[in-house]
Amino acid sequence: MNYDFNYALTVFVDTVMKHYADFEGRASRRDFWHYVSITLLIFVGFNILSMLPYLGPIFSLVSLLVGLALVLPGIAIGIRRMHDIDQSGLLVLIPFYNIYLACQPGTTRTNRFGPELLTR
């Protein structure tokens with residue numbers, strides 16, 4: 001699978017703007033990991049900027065605020081990812097096992113959480 005930065009950025013913005021607290025439906029494996037990759041890039045960037053001598057504390061505070069703002073959409077896309085593999089969204093609460101599940105392919109049929117996703 002090739003990494004498409006523009007697609008990842010589109011998924012990230014769409015998740016934050018349109019599906020901020022959307023716990024219903026499904027999220028494909030591709031969309032989930034693209035969202036995670038952009039979130040990771042944001043926090044790596046903030047961590048680098050927080051090492052600046054005079055502006056570091058400001059960037060640390062901004063990083064904290066951005067992190068708090070991204071908690072809810074991160075949980076929401078994780079729950080939708082669990083729905084894609086026909087599992088309960090509560091499984092996002094189990095450390096490490098949820099990462100294993102997030103790597104599994106989604107169901108190729110309509111499941112109890114919605115129709116099959118066309119993009120994988």
# chains A, B, ... in the order shown; residues from 1 in each chain; ligands from 1
$ residues_around --residues "Arg80 in chain A" --least-positions-apart "3" --cutoff "10 Å" --atoms "only C-alpha atoms" --output "PyMOL selection string"
chain A and resi 22-29+32+74-77+83-89+92+113
$ write_last_selection --atoms "C-alpha atoms" --output "tab-separated table (two decimals), in the first residue's frame"
chain	number	residue	atom	x	y	z
A	22	ASP	CA	-19.34	10.50	15.39
A	23	PHE	CA	-19.35	7.08	17.04
A	24	GLU	CA	-21.76	5.50	14.54
A	25	GLY	CA	-20.86	3.68	11.35
A	26	ARG	CA	-17.57	2.31	10.14
A	27	ALA	CA	-14.05	3.52	9.35
A	28	SER	CA	-11.78	1.65	6.99
A	29	ARG	CA	-8.36	0.43	8.01
A	32	PHE	CA	-7.89	4.94	10.46
A	74	GLY	CA	-9.37	9.83	17.94
A	75	ILE	CA	-11.67	7.77	20.13
A	76	ALA	CA	-14.50	8.15	17.63
A	77	ILE	CA	-12.49	6.92	14.64
A	83	HIS	CA	-17.29	-1.40	14.00
A	84	ASP	CA	-15.71	-2.08	10.59
A	85	ILE	CA	-14.41	-5.42	11.84
A	86	ASP	CA	-17.81	-6.14	13.43
A	87	GLN	CA	-16.62	-5.69	17.01
A	88	SER	CA	-17.88	-3.58	19.89
A	89	GLY	CA	-16.46	-0.08	20.14
A	92	VAL	CA	-10.73	0.49	22.05
A	113	PHE	CA	-22.86	-1.21	12.09
$ atom_distance --atom1 "CA of Met17 in chain A" --atom2 "CA of Gly78 in chain A"
16.1 Å
$ closest_residue --among "A:Ser50, A:Ile94, A:Tyr35, A:Arg81" --to "Thr107 in chain A" --atoms "only C-alpha atoms"
A:Arg81
